Amino acid sequence: MDLDTVRTFLAAADAGQFQEAAAELGVTQQAVSKRIAALERSLGVRLFTRTSRGAELTIDGQAFLPHARELLRVAERAAASVRTGRRPLRVDVINSRGAASGLLRGFYRAHPDVELDVLMLHDIEAAVAAIRSGEIDASFRAVAAPGRPLPEDIKSLRVLDETLELLTGPAHALAGARSVTLTQLVGHRIWMPGVVPGTEWAAYYDDLVAEFGLTIEATGPNFGSDALLDTIADTPALATLIGGQSRLVWPTGHALRRIPVTDPTPVYPHSLLWHRANPHPALATLRTHLASTAADHATTGTWTPNWVLQR
């Protein structure tokens, strides 16, 4: 439906005269008449009756009036949703309890005036596609999987190197250790049901397994972090790897242990991705904030795959 004809209909309905509607819209009275006639043909009904006092709504015109107002309100909301500086900044994170969410919360605490929409997309390919289409403005992603370089129009900023920790129940063989080496983890079952084949984090753990001979199992459905914590607490033979900045809460009776991993310490590198042509002013504010809070990348005594984002 032509919104100009709907706008003209509303002006004529409010004014009660085509001449006043024409003056309000800055067009001729003939243009108003033509637009109303076109709308009537489109709807198949008469919307106005001409009288000596001007133009009065017919019963059909009265029925159409509230819907016409809503049409224009929806059109304005649609335009505002993509108008630079007037819509929220749309940012993708992998999950609500991870380090990327913590980075975004820190940004919002520093800039509470910035409106945010937080989304959670599946993997880096979905995130890059959403950035290029304009569906989102930025995404926190850990790595670019091997053989999948970022497109030239996507820029990145490495913002956090997050160390990994071993999480065990109280009866696990390593539960009493103050730290464990990657060599000590060989032969232990590490259960990570959230590792989905084809994702960037699956590529990261595939390389970790290949280099250090670890046993990482992704069997069974992923019922979320609460179910994972329950299983680790109750199963002495299982442990899992978690990000050192992951926010996890469990019942006191679980008595879980978070144990640093060393020699080398595996780090999970988080980067911010965005489209180089994105003009949203809050995106520049986010990049500046992250650049000012990002620590230097640790290299001595740490491990990352050789294909992680360096830009």
# chains A, B, ... in the order shown; residues from 1 in each chain; ligands from 1
$ residues_around --residues "Leu283 (chain A)" --least-positions-apart "2" --cutoff "9 Å" --atoms "only C-alpha atoms" --output "ChimeraX atom specification"
/A:89,137-138,274,278-281,285-288
$ residues_around --residues "Thr58 (chain A)" --least-positions-apart "3" --cutoff "9 Å" --atoms "only C-alpha atoms" --output "JSON, numbers by chain"
{"A": [46, 47, 48, 49, 61, 62, 63]}
$ write_last_selection --atoms "all heavy atoms" --output "short mmCIF file (atom, residue, chain, number, x, y, z; two decimals), in the first residue's frame"
data_model
loop_
_atom_site.label_atom_id
_atom_site.label_comp_id
_atom_site.auth_asym_id
_atom_site.auth_seq_id
_atom_site.Cartn_x
_atom_site.Cartn_y
_atom_site.Cartn_z
N ARG A 46 -15.51 3.44 -1.12
CA ARG A 46 -15.48 4.89 -1.03
C ARG A 46 -15.08 5.27 0.39
O ARG A 46 -15.62 4.75 1.36
CB ARG A 46 -16.85 5.49 -1.35
CG ARG A 46 -17.27 5.40 -2.80
CD ARG A 46 -16.48 6.36 -3.68
NE ARG A 46 -16.63 7.75 -3.27
CZ ARG A 46 -17.64 8.52 -3.65
NH1 ARG A 46 -18.61 8.04 -4.44
NH2 ARG A 46 -17.71 9.77 -3.26
N LEU A 47 -14.13 6.18 0.51
CA LEU A 47 -13.66 6.59 1.82
C LEU A 47 -14.25 7.93 2.26
O LEU A 47 -14.35 8.19 3.48
CB LEU A 47 -12.14 6.69 1.82
CG LEU A 47 -11.38 5.38 1.54
CD1 LEU A 47 -9.88 5.65 1.38
CD2 LEU A 47 -11.61 4.38 2.66
N PHE A 48 -14.62 8.81 1.30
CA PHE A 48 -15.15 10.12 1.61
C PHE A 48 -16.45 10.36 0.83
O PHE A 48 -16.64 9.84 -0.27
CB PHE A 48 -14.16 11.23 1.24
CG PHE A 48 -12.94 11.28 2.12
CD1 PHE A 48 -11.76 10.66 1.74
CD2 PHE A 48 -12.97 11.97 3.33
CE1 PHE A 48 -10.63 10.71 2.53
CE2 PHE A 48 -11.84 12.03 4.13
CZ PHE A 48 -10.67 11.40 3.75
N THR A 49 -17.30 11.17 1.42
CA THR A 49 -18.47 11.71 0.74
C THR A 49 -18.31 13.22 0.68
O THR A 49 -18.08 13.86 1.72
CB THR A 49 -19.76 11.35 1.49
OG1 THR A 49 -19.90 9.94 1.53
CG2 THR A 49 -20.98 11.98 0.82
N GLY A 61 -14.64 4.57 5.47
CA GLY A 61 -13.55 5.47 5.81
C GLY A 61 -13.30 5.50 7.31
O GLY A 61 -12.14 5.51 7.75
N GLN A 62 -14.38 5.49 8.08
CA GLN A 62 -14.23 5.47 9.54
C GLN A 62 -13.60 4.16 10.01
O GLN A 62 -12.79 4.15 10.95
CB GLN A 62 -15.60 5.66 10.19
CG GLN A 62 -16.21 7.04 9.96
CD GLN A 62 -17.63 7.13 10.48
OE1 GLN A 62 -17.99 6.49 11.47
NE2 GLN A 62 -18.46 7.91 9.81
N ALA A 63 -13.95 3.07 9.35
CA ALA A 63 -13.37 1.77 9.72
C ALA A 63 -11.89 1.72 9.38
O ALA A 63 -11.08 1.12 10.10
CB ALA A 63 -14.12 0.65 9.00
#
$ closest_residue --among "A:Glu200, A:Asp161, A:Glu211, A:Glu217" --to "Thr302 (chain A)" --atoms "only C-alpha atoms"
A:Asp161
$ closest_residue --among "A:Asp4, A:Glu20, A:Asp153, A:Asp113" --to "Lys34 (chain A)" --atoms "only C-alpha atoms"
A:Asp4
$ residues_around --residues "Ser96 (chain A)" --least-positions-apart "4" --cutoff "12 Å" --atoms "only C-alpha atoms" --output "list in words"
Asp92, Ala100, Ser101, Gly102, Leu103, Leu104, Arg105, Val118, Leu119, Met120, Leu121, Phe140, Gly224, Ser225, Gln245, Ser246, Arg247 and Leu248 of chain A
$ write_last_selection --atoms "all heavy atoms" --output "short mmCIF file (atom, residue, chain, number, x, y, z; two decimals), in the first residue's frame"
data_model
loop_
_atom_site.label_atom_id
_atom_site.label_comp_id
_atom_site.auth_asym_id
_atom_site.auth_seq_id
_atom_site.Cartn_x
_atom_site.Cartn_y
_atom_site.Cartn_z
N ASP A 92 26.26 -9.19 19.14
CA ASP A 92 26.13 -10.63 19.31
C ASP A 92 27.19 -11.14 20.29
O ASP A 92 28.36 -10.76 20.20
CB ASP A 92 26.30 -11.31 17.94
CG ASP A 92 26.66 -12.78 18.05
OD1 ASP A 92 25.91 -13.53 18.70
OD2 ASP A 92 27.70 -13.17 17.49
N ALA A 100 32.61 -12.66 26.89
CA ALA A 100 32.15 -11.60 25.99
C ALA A 100 30.99 -10.83 26.60
O ALA A 100 30.91 -9.60 26.48
CB ALA A 100 31.74 -12.20 24.65
N SER A 101 30.08 -11.54 27.27
CA SER A 101 28.98 -10.86 27.95
C SER A 101 29.51 -9.95 29.04
O SER A 101 28.99 -8.85 29.25
CB SER A 101 28.01 -11.89 28.55
OG SER A 101 27.34 -12.60 27.53
N GLY A 102 30.56 -10.40 29.74
CA GLY A 102 31.18 -9.56 30.75
C GLY A 102 31.77 -8.30 30.17
O GLY A 102 31.66 -7.21 30.74
N LEU A 103 32.43 -8.42 29.00
CA LEU A 103 32.97 -7.24 28.33
C LEU A 103 31.87 -6.26 27.97
O LEU A 103 32.02 -5.04 28.13
CB LEU A 103 33.73 -7.67 27.08
CG LEU A 103 35.05 -8.41 27.28
CD1 LEU A 103 35.60 -8.88 25.93
CD2 LEU A 103 36.07 -7.54 28.00
N LEU A 104 30.75 -6.78 27.48
CA LEU A 104 29.65 -5.92 27.06
C LEU A 104 28.99 -5.26 28.27
O LEU A 104 28.60 -4.09 28.22
CB LEU A 104 28.64 -6.73 26.26
CG LEU A 104 27.66 -5.94 25.39
CD1 LEU A 104 28.40 -5.02 24.43
CD2 LEU A 104 26.74 -6.87 24.63
N ARG A 105 28.88 -6.00 29.38
CA ARG A 105 28.33 -5.40 30.60
C ARG A 105 29.24 -4.28 31.10
O ARG A 105 28.76 -3.23 31.56
CB ARG A 105 28.15 -6.46 31.68
CG ARG A 105 26.99 -7.41 31.45
CD ARG A 105 26.68 -8.21 32.69
NE ARG A 105 27.80 -9.04 33.13
CZ ARG A 105 28.01 -10.27 32.71
NH1 ARG A 105 27.17 -10.84 31.86
NH2 ARG A 105 29.04 -10.97 33.15
N VAL A 118 21.10 -7.16 22.68
CA VAL A 118 22.06 -8.25 22.78
C VAL A 118 21.45 -9.50 22.14
O VAL A 118 20.35 -9.91 22.49
CB VAL A 118 22.46 -8.53 24.24
CG1 VAL A 118 23.51 -9.63 24.31
CG2 VAL A 118 22.99 -7.25 24.89
N LEU A 119 22.18 -10.10 21.19
CA LEU A 119 21.73 -11.31 20.51
C LEU A 119 22.73 -12.42 20.75
O LEU A 119 23.86 -12.18 21.17
CB LEU A 119 21.58 -11.07 19.00
CG LEU A 119 20.61 -10.00 18.53
CD1 LEU A 119 21.29 -8.64 18.47
CD2 LEU A 119 20.06 -10.35 17.15
N MET A 120 22.32 -13.66 20.49
CA MET A 120 23.21 -14.81 20.61
C MET A 120 23.07 -15.66 19.36
O MET A 120 22.10 -16.40 19.21
CB MET A 120 22.89 -15.61 21.86
CG MET A 120 23.40 -14.95 23.13
SD MET A 120 23.01 -15.85 24.63
CE MET A 120 21.71 -14.82 25.31
N LEU A 121 24.01 -15.52 18.43
CA LEU A 121 24.01 -16.29 17.20
C LEU A 121 24.84 -17.55 17.37
O LEU A 121 25.60 -17.69 18.33
CB LEU A 121 24.53 -15.45 16.05
CG LEU A 121 23.76 -14.15 15.78
CD1 LEU A 121 24.37 -13.37 14.63
CD2 LEU A 121 22.28 -14.44 15.48
N PHE A 140 31.12 -10.58 19.20
CA PHE A 140 32.30 -11.06 19.92
C PHE A 140 32.53 -12.51 19.50
O PHE A 140 31.69 -13.38 19.75
CB PHE A 140 32.08 -11.00 21.44
CG PHE A 140 32.15 -9.61 22.01
CD1 PHE A 140 30.99 -8.85 22.16
CD2 PHE A 140 33.36 -9.07 22.38
CE1 PHE A 140 31.05 -7.58 22.70
CE2 PHE A 140 33.43 -7.79 22.92
CZ PHE A 140 32.27 -7.05 23.09
N GLY A 224 22.65 -27.29 28.81
CA GLY A 224 23.02 -26.03 29.43
C GLY A 224 24.00 -26.21 30.58
O GLY A 224 24.32 -27.32 31.00
N SER A 225 24.45 -25.07 31.10
CA SER A 225 25.51 -25.10 32.12
C SER A 225 25.06 -25.74 33.43
O SER A 225 25.86 -26.41 34.10
CB SER A 225 26.03 -23.69 32.36
OG SER A 225 24.99 -22.84 32.82
N GLN A 245 36.91 -16.48 32.96
CA GLN A 245 36.02 -15.37 33.29
C GLN A 245 34.55 -15.75 33.15
O GLN A 245 33.68 -14.87 33.21
CB GLN A 245 36.35 -14.16 32.42
CG GLN A 245 37.76 -13.63 32.68
CD GLN A 245 37.99 -12.27 32.07
OE1 GLN A 245 37.05 -11.50 31.85
NE2 GLN A 245 39.23 -11.95 31.76
N SER A 246 34.27 -17.04 32.97
CA SER A 246 32.87 -17.48 32.92
C SER A 246 32.24 -17.33 34.29
O SER A 246 32.84 -17.68 35.32
CB SER A 246 32.78 -18.94 32.48
OG SER A 246 33.23 -19.10 31.15
N ARG A 247 31.02 -16.81 34.33
CA ARG A 247 30.30 -16.63 35.59
C ARG A 247 29.43 -17.86 35.83
O ARG A 247 28.41 -18.05 35.16
CB ARG A 247 29.44 -15.37 35.53
CG ARG A 247 30.26 -14.08 35.39
CD ARG A 247 29.38 -12.91 35.04
NE ARG A 247 28.35 -12.67 36.03
CZ ARG A 247 28.49 -11.88 37.09
NH1 ARG A 247 29.63 -11.24 37.29
NH2 ARG A 247 27.50 -11.70 37.95
N LEU A 248 29.83 -18.69 36.77
CA LEU A 248 29.10 -19.91 37.08
C LEU A 248 28.74 -19.94 38.56
O LEU A 248 29.56 -19.59 39.42
CB LEU A 248 29.94 -21.15 36.74
CG LEU A 248 30.33 -21.33 35.27
CD1 LEU A 248 31.24 -22.54 35.12
CD2 LEU A 248 29.09 -21.49 34.40
#
$ select_by_dssp --residues "region 63-143 of chain A" --states "helix (DSSP H, G or I)" --output "count of residues only"
42
$ select_by_dssp --residues "region 37-133 of chain A" --states "strand (DSSP E)" --output "count of residues only"
16
